[in-house]
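J.: File my_file-v8.cif follows (mmCIF, C-alpha atoms):
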```
data_structure
#
loop_
_atom_site.label_atom_id
_atom_site.label_comp_id
_atom_site.auth_asym_id
_atom_site.auth_seq_id
_atom_site.Cartn_x
_atom_site.Cartn_y
_atom_site.Cartn_z
CA MET R 13 -0.67 -8.44 -5.02
CA ALA R 14 -1.05 -7.99 -1.28
CA ARG R 15 -3.91 -5.52 -1.43
CA ALA R 16 -5.93 -3.39 -3.81
CA ALA R 17 -4.38 -0.10 -4.83
CA SER R 18 -5.74 2.80 -2.81
CA GLY R 19 -6.58 6.27 -4.02
CA SER R 20 -3.51 7.47 -2.18
CA ASP R 21 -1.19 5.12 -4.10
CA VAL R 22 -2.74 6.14 -7.41
CA PHE R 23 -2.58 9.86 -6.61
CA HIS R 24 1.04 9.47 -5.63
CA ALA R 25 1.70 7.59 -8.88
CA VAL R 26 0.19 10.23 -11.17
CA ALA R 27 1.42 13.25 -9.17
CA ASP R 28 4.86 12.94 -10.77
CA PRO R 29 5.31 14.34 -14.31
CA ASN R 30 7.78 11.61 -15.33
CA ARG R 31 5.34 8.91 -14.30
CA ARG R 32 2.54 10.62 -16.18
CA GLN R 33 4.82 10.63 -19.21
CA ILE R 34 5.39 6.88 -18.84
CA LEU R 35 1.63 6.27 -18.62
CA ASP R 36 1.14 8.46 -21.66
CA VAL R 37 3.67 6.42 -23.65
CA LEU R 38 1.96 3.19 -22.54
CA ARG R 39 -1.34 4.46 -23.94
CA GLY R 40 0.15 3.47 -27.27
CA GLY R 41 0.34 -0.17 -26.14
CA GLU R 42 2.74 -2.54 -24.37
CA LYS R 43 6.39 -1.47 -24.34
CA SER R 44 9.70 -3.06 -23.39
CA VAL R 45 11.93 -1.32 -20.85
CA GLY R 46 14.30 -0.45 -23.67
CA SER R 47 11.66 1.31 -25.72
CA LEU R 48 10.41 3.14 -22.60
CA VAL R 49 13.95 4.46 -22.00
CA GLU R 50 14.01 5.60 -25.60
CA ALA R 51 10.54 7.18 -25.57
CA THR R 52 10.87 9.00 -22.23
CA GLY R 53 14.54 9.99 -22.25
CA LEU R 54 14.78 8.83 -18.61
CA SER R 55 17.82 6.91 -17.40
CA TYR R 56 17.33 3.19 -16.89
CA SER R 57 17.57 3.45 -13.09
CA LEU R 58 15.19 6.39 -12.87
CA LEU R 59 12.73 4.61 -15.15
CA SER R 60 12.94 1.49 -12.94
CA GLN R 61 12.12 3.54 -9.85
CA HIS R 62 9.10 5.11 -11.51
CA LEU R 63 7.88 1.77 -12.87
CA HIS R 64 8.12 0.37 -9.35
CA VAL R 65 5.78 3.09 -8.05
CA LEU R 66 3.40 2.55 -10.97
CA LEU R 67 3.42 -1.22 -10.30
CA ASP R 68 2.68 -0.66 -6.60
CA ALA R 69 -0.28 1.51 -7.54
CA GLN R 70 -1.33 -1.23 -9.97
CA THR R 71 -1.57 1.25 -12.82
CA VAL R 72 0.79 -0.86 -14.94
CA VAL R 73 1.25 -4.62 -15.37
CA ARG R 74 4.61 -6.31 -16.00
CA ARG R 75 5.13 -9.26 -18.33
CA PRO R 76 8.51 -10.98 -18.50
CA GLN R 77 9.44 -12.54 -21.83
CA GLY R 78 12.84 -14.17 -22.09
CA ARG R 79 15.35 -11.66 -20.76
CA GLN R 80 13.04 -8.74 -21.49
CA ARG R 81 10.33 -7.14 -19.43
CA PHE R 82 7.25 -5.58 -21.00
CA TYR R 83 4.90 -3.10 -19.38
CA ARG R 84 1.33 -2.28 -20.22
CA LEU R 85 -1.28 0.06 -18.86
CA GLU R 86 -3.84 -1.09 -16.30
CA PRO R 87 -6.35 1.76 -16.30
CA GLY R 88 -8.78 0.45 -13.64
CA PRO R 89 -7.11 1.97 -10.55
CA LEU R 90 -6.85 5.38 -12.25
CA ARG R 91 -10.61 5.60 -11.89
CA ILE R 92 -10.19 5.58 -8.09
CA VAL R 93 -8.84 9.11 -8.07
CA ARG R 94 -12.04 10.35 -9.67
CA ASP R 95 -13.88 8.89 -6.66
CA TRP R 96 -11.71 10.60 -4.08
CA THR R 97 -14.68 11.86 -2.09
CA ALA R 98 -16.35 8.44 -2.21
CA GLU R 99 -13.23 6.78 -0.79
CA TYR R 100 -13.11 9.14 2.19
CA GLU R 101 -16.88 9.07 2.65
CA GLN R 102 -16.74 5.32 3.15
CA PHE R 103 -13.75 5.67 5.47
CA TRP R 104 -15.40 8.26 7.74
CA GLN R 105 -18.73 6.43 7.74
CA GLU R 106 -17.02 3.33 9.13
CA ARG R 107 -15.03 5.31 11.67
CA VAL R 108 -18.01 7.30 12.96
CA ALA R 109 -19.86 3.98 13.37
CA ARG R 110 -16.95 2.72 15.49
CA LEU R 111 -17.06 5.92 17.54
CA ARG R 112 -20.76 5.30 18.14
CA ARG R 113 -20.10 1.75 19.31
CA ARG R 114 -17.34 2.90 21.66
CA LEU R 115 -19.58 5.55 23.20
CA ALA R 116 -22.35 2.98 23.70
CA ARG R 117 -20.11 0.70 25.79
CA MET K 513 -11.80 18.97 -8.41
CA ARG K 514 -11.95 18.64 -4.67
CA LEU K 515 -12.47 16.38 -1.70
CA ASP K 516 -15.70 17.22 0.08
CA VAL K 517 -17.08 14.92 2.75
CA ALA K 518 -19.63 15.93 5.40
CA PHE K 519 -21.38 14.01 8.17
CA ASP K 520 -23.99 15.30 10.56
CA GLU K 521 -24.93 12.91 13.36
CA VAL K 522 -26.59 13.14 16.72
CA LEU K 523 -24.92 10.93 19.31
CA PRO K 524 -26.93 10.05 22.44
CA HIS K 525 -24.12 11.04 24.80
CA PRO K 526 -23.03 14.20 26.63
CA ILE K 527 -20.75 16.57 24.75
CA GLU K 528 -17.87 15.99 27.22
CA ALA K 529 -17.96 12.24 26.54
CA VAL K 530 -17.82 12.78 22.79
CA TRP K 531 -15.08 15.39 23.11
CA ALA K 532 -13.03 12.94 25.22
CA GLU K 533 -13.24 10.35 22.40
CA LEU K 534 -12.01 12.88 19.86
CA THR K 535 -9.09 14.16 21.91
CA ASP K 536 -7.57 11.10 23.58
CA ALA K 537 -4.77 9.17 21.80
CA ASP K 538 -5.97 5.76 23.04
CA ALA K 539 -9.56 6.47 21.99
CA ILE K 540 -8.48 7.78 18.58
CA SER K 541 -6.32 4.67 18.15
CA ASP K 542 -9.40 2.51 18.71
CA TRP K 543 -12.07 4.25 16.64
CA LEU K 544 -10.03 6.06 14.00
CA MET K 545 -6.43 4.93 13.45
CA LYS K 546 -3.51 3.95 15.66
CA THR K 547 -1.62 6.94 17.00
CA SER K 548 0.82 7.33 19.87
CA ASP K 549 1.74 10.99 19.60
CA PHE K 550 -1.60 12.80 19.40
CA LYS K 551 -1.90 15.68 21.88
CA PRO K 552 -4.87 18.04 22.16
CA VAL K 553 -2.62 21.08 21.73
CA ILE K 554 -2.78 23.64 18.93
CA GLY K 555 0.25 23.32 16.68
CA SER K 556 1.08 19.76 17.74
CA ARG K 557 1.71 17.22 15.00
CA PHE K 558 0.89 13.52 15.07
CA ARG K 559 0.86 10.40 12.89
CA MET K 560 -1.81 7.78 12.35
CA LYS K 561 -1.08 4.31 10.93
CA THR K 562 -3.10 3.40 7.84
CA GLU K 563 -3.27 0.68 5.20
CA ASP K 564 -5.04 2.60 2.48
CA LEU K 565 -4.98 6.33 3.02
CA SER K 566 -1.30 7.14 2.62
CA SER K 567 1.44 6.11 0.22
CA THR K 568 3.84 5.93 3.21
CA GLY K 569 1.50 4.01 5.54
CA TRP K 570 1.10 7.07 7.76
CA VAL K 571 -1.35 9.94 7.71
CA GLU K 572 0.57 12.98 8.97
CA ALA K 573 -1.75 15.32 10.80
CA GLY K 574 -1.64 18.43 12.93
CA VAL K 575 -3.96 20.25 15.32
CA LEU K 576 -4.88 23.60 13.74
CA GLU K 577 -7.75 24.70 15.99
CA LEU K 578 -8.97 23.58 19.40
CA GLU K 579 -11.96 24.95 21.34
CA PRO K 580 -12.95 22.43 24.03
CA PRO K 581 -15.50 20.91 23.93
CA HIS K 582 -16.85 22.35 20.68
CA ARG K 583 -14.41 22.42 17.83
CA MET K 584 -11.23 20.80 16.62
CA VAL K 585 -9.57 21.20 13.20
CA TRP K 586 -6.82 18.97 11.82
CA SER K 587 -4.57 19.23 8.81
CA TRP K 588 -4.33 15.84 7.08
CA SER K 589 -1.70 14.60 4.64
CA GLY K 590 -1.65 11.17 3.01
CA HIS K 591 1.58 11.82 1.04
CA ASP K 592 -0.35 11.30 -2.17
CA GLY K 593 0.87 14.37 -4.05
CA ASN K 594 -2.12 16.48 -3.02
CA PRO K 595 -1.85 19.49 -0.70
CA PRO K 596 -2.88 18.74 2.92
CA SER K 597 -6.65 18.49 3.43
CA THR K 598 -8.64 19.68 6.46
CA VAL K 599 -10.74 17.67 8.92
CA THR K 600 -13.12 19.59 11.16
CA PHE K 601 -15.04 18.23 14.15
CA ASP K 602 -17.83 20.50 15.42
CA LEU K 603 -19.81 19.50 18.52
CA THR K 604 -22.98 21.13 19.83
CA GLN K 605 -25.10 20.01 22.73
CA GLU K 606 -28.56 18.94 21.64
CA GLY K 607 -30.88 17.96 24.48
CA LYS K 608 -29.10 15.16 26.32
CA GLY K 609 -27.13 14.30 23.22
CA THR K 610 -24.47 15.83 21.02
CA ARG K 611 -24.56 16.80 17.38
CA LEU K 612 -21.32 15.93 15.59
CA ARG K 613 -20.58 17.69 12.34
CA LEU K 614 -17.58 16.22 10.63
CA THR K 615 -16.14 17.58 7.40
CA HIS K 616 -13.12 16.57 5.36
CA VAL K 617 -12.28 18.95 2.55
CA GLY K 618 -9.27 19.36 0.31
CA GLU K 619 -8.00 20.43 -3.06
CA MET K 620 -6.58 18.01 -5.54
CA ASN K 621 -3.09 18.58 -6.93
CA ALA K 622 -3.77 21.04 -9.77
CA GLU K 623 -1.97 19.02 -12.41
CA VAL K 624 -3.74 15.78 -11.47
CA ALA K 625 -7.07 17.63 -11.40
CA ARG K 626 -6.40 18.97 -14.90
CA ILE K 627 -5.76 15.46 -16.19
CA LEU K 628 -8.96 14.17 -14.63
CA ARG K 629 -10.92 17.13 -16.03
CA ASP K 630 -9.52 16.34 -19.44
CA GLY K 631 -10.88 12.84 -19.01
CA TRP K 632 -7.46 11.26 -19.07
CA PRO K 633 -8.36 8.04 -17.16
CA GLY K 634 -11.44 7.64 -19.36
CA ARG K 635 -9.38 7.98 -22.50
CA ILE K 636 -6.80 5.52 -21.17
CA ALA K 637 -9.57 3.08 -20.31
CA ALA K 638 -11.05 3.34 -23.79
CA MET K 639 -7.63 2.79 -25.30
CA ALA K 640 -6.93 -0.25 -23.11
CA ASP K 641 -10.35 -1.73 -23.93
CA ALA K 642 -9.64 -1.30 -27.62
CA ILE K 643 -6.25 -3.01 -27.23
CA ARG K 644 -7.88 -5.86 -25.32
CA ARG K 645 -10.54 -6.31 -28.01
CA VAL K 646 -7.85 -6.52 -30.68
CA GLY K 647 -6.02 -9.05 -28.51
CA ASP K 648 -9.16 -11.17 -28.07
CA GLY K 649 -10.13 -11.05 -31.73
#
```
Would you mind writing the file's structure down as structure tokens?

T.:
Amino acid sequence: MARAASGSDVFHAVADPNRRQILDVLRGGEKSVGSLVEATGLSYSLLSQHLHVLLDAQTVVRRPQGRQRFYRLEPGPLRIVRDWTAEYEQFWQERVARLRRRLAR
Amino acid sequence: MRLDVAFDEVLPHPIEAVWAELTDADAISDWLMKTSDFKPVIGSRFRMKTEDLSSTGWVEAGVLELEPPHRMVWSWSGHDGNPPSTVTFDLTQEGKGTRLRLTHVGEMNAEVARILRDGWPGRIAAMADAIRRVGDG
């Protein structure tokens, strides 16, 4: 993992109805790719694309076992989107401080 | 559910100096985010490089309002599924200094907002905790 998931990544992940459906299915516990295809009705390639986005946003975790891959929910980052204002507040606070320092030079 | 950030600061510098910082691409690149195509022109669009604030690595912005040296409004999109938000810089002279009022407001994607209102992440978290407890036990 190169960096922590940002609010933007998580928003992007849950903005898509198919990805929300995948997360919903995973609420029932860890699933193989095969059972996700079955439960969501998505094609294998489409499912892979969506899982990739969910992995990037760190809302799911992948576990290989033999030739199979299992996915489970990682709910922590989903809490970020509830703190949308807090994320931007911190961002602007830092940037206004930088602006202050530049002006003081 | 919405984004609602507001800052109100007095900077000990003349209004023209502050305005110059807000409307120059090199200055913006230094204090805010890297940009090469910002122009202080109404209707112009520009990009800023970011690690965290956009799913594409770029915040796409545009100049909506410009009243030198008092007011500038930007549209702001982080490609996160939400409609573009709005950043407003308001400057007023105050003695020898300048008051900067900065706001960043936006609406959350309605569907995502509904999920959050329904407590979806909370329910997922509770579920995952329960699964973990079963796993540990």

J.: Using the chain letters and numbers from the file, give me the residues hit by the PyMOL selection byres ((chain R) within 8 of (chain K)), as a ChimeraX atom specification.

T.: /R:17-28,39,41,85-88,90-91,94,96-97,100-101,107-108,110-112,114-115

J.: Could you state the separation of CA of Ser541 (chain K) and CA of Pro596 (chain K) in Å, given to one decimal place?

T.: 21.0 Å

J.: May I have the residues within 9 Å of Arg31 (chain R) as a list in words, using all atoms listed in the file and disregarding those fewer than 4 positions away in the same chain?

T.: Ala25, Val26, Ala27, Leu35, Asp36, Leu59, His62, Leu63, Val65 and Leu66 of chain R

J.: Using the selection just defined, write its residues with C-alpha atoms as a compact mmCIF listing (two decimals), in the coordinates of the input.

T.:
```txt
# COMPACT_ATOMS: atom_id res chain seq x y z
CA ALA R 25 1.70 7.59 -8.88
CA VAL R 26 0.19 10.23 -11.17
CA ALA R 27 1.42 13.25 -9.17
CA LEU R 35 1.63 6.27 -18.62
CA ASP R 36 1.14 8.46 -21.66
CA LEU R 59 12.73 4.61 -15.15
CA HIS R 62 9.10 5.11 -11.51
CA LEU R 63 7.88 1.77 -12.87
CA VAL R 65 5.78 3.09 -8.05
CA LEU R 66 3.40 2.55 -10.97
```

J.: Rank nothing, just name the residue among K:Thr562, K:Asp538, K:Gly609, K:Leu603 nearest to Leu578 (chain K), using all atoms listed in the file.

T.: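 Using all atoms listed in the file, the shortest distance to Leu578 (chain K) belongs to K:Leu603.
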
J.: Can you tell me, as a PyMOL selection string, what residues are no more than 8 Å from region 44-46 of chain R when counting only C-alpha atoms, ignoring any on the same chain fewer than 2 positions away?

T.: chain R and resi 42+48-50+80-83

J.: Just add N, CA and C atoms to region 563-576 of chain K and send it as a compact mmCIF listing (two decimals), keeping the file's coordinate frame.

T.:
```
# COMPACT_ATOMS: atom_id res chain seq x y z
N GLU K 563 -3.57 1.59 6.31
CA GLU K 563 -3.27 0.68 5.20
C GLU K 563 -3.47 1.38 3.86
N ASP K 564 -4.55 2.16 3.79
CA ASP K 564 -5.04 2.60 2.48
C ASP K 564 -4.94 4.09 2.20
N LEU K 565 -4.79 4.90 3.24
CA LEU K 565 -4.98 6.33 3.02
C LEU K 565 -3.69 7.11 2.83
N SER K 566 -2.56 6.42 2.80
CA SER K 566 -1.30 7.14 2.62
C SER K 566 -0.33 6.26 1.86
N SER K 567 0.46 6.88 0.98
CA SER K 567 1.44 6.11 0.22
C SER K 567 2.62 5.71 1.10
N THR K 568 2.75 6.31 2.31
CA THR K 568 3.84 5.93 3.21
C THR K 568 3.36 5.02 4.34
N GLY K 569 2.03 4.79 4.43
CA GLY K 569 1.50 4.01 5.54
C GLY K 569 1.16 4.86 6.76
N TRP K 570 1.41 6.16 6.65
CA TRP K 570 1.10 7.07 7.76
C TRP K 570 0.35 8.29 7.25
N VAL K 571 -0.74 8.63 7.91
CA VAL K 571 -1.35 9.94 7.71
C VAL K 571 -0.65 10.89 8.67
N GLU K 572 -0.08 11.97 8.12
CA GLU K 572 0.57 12.98 8.97
C GLU K 572 -0.44 14.08 9.21
N ALA K 573 -0.71 14.36 10.48
CA ALA K 573 -1.75 15.32 10.80
C ALA K 573 -1.23 16.35 11.80
N GLY K 574 -2.01 17.40 11.98
CA GLY K 574 -1.64 18.43 12.93
C GLY K 574 -2.89 19.09 13.48
N VAL K 575 -2.82 19.57 14.70
CA VAL K 575 -3.96 20.25 15.32
C VAL K 575 -3.89 21.73 14.95
N LEU K 576 -4.87 22.21 14.18
CA LEU K 576 -4.88 23.60 13.74
C LEU K 576 -5.72 24.49 14.66
```
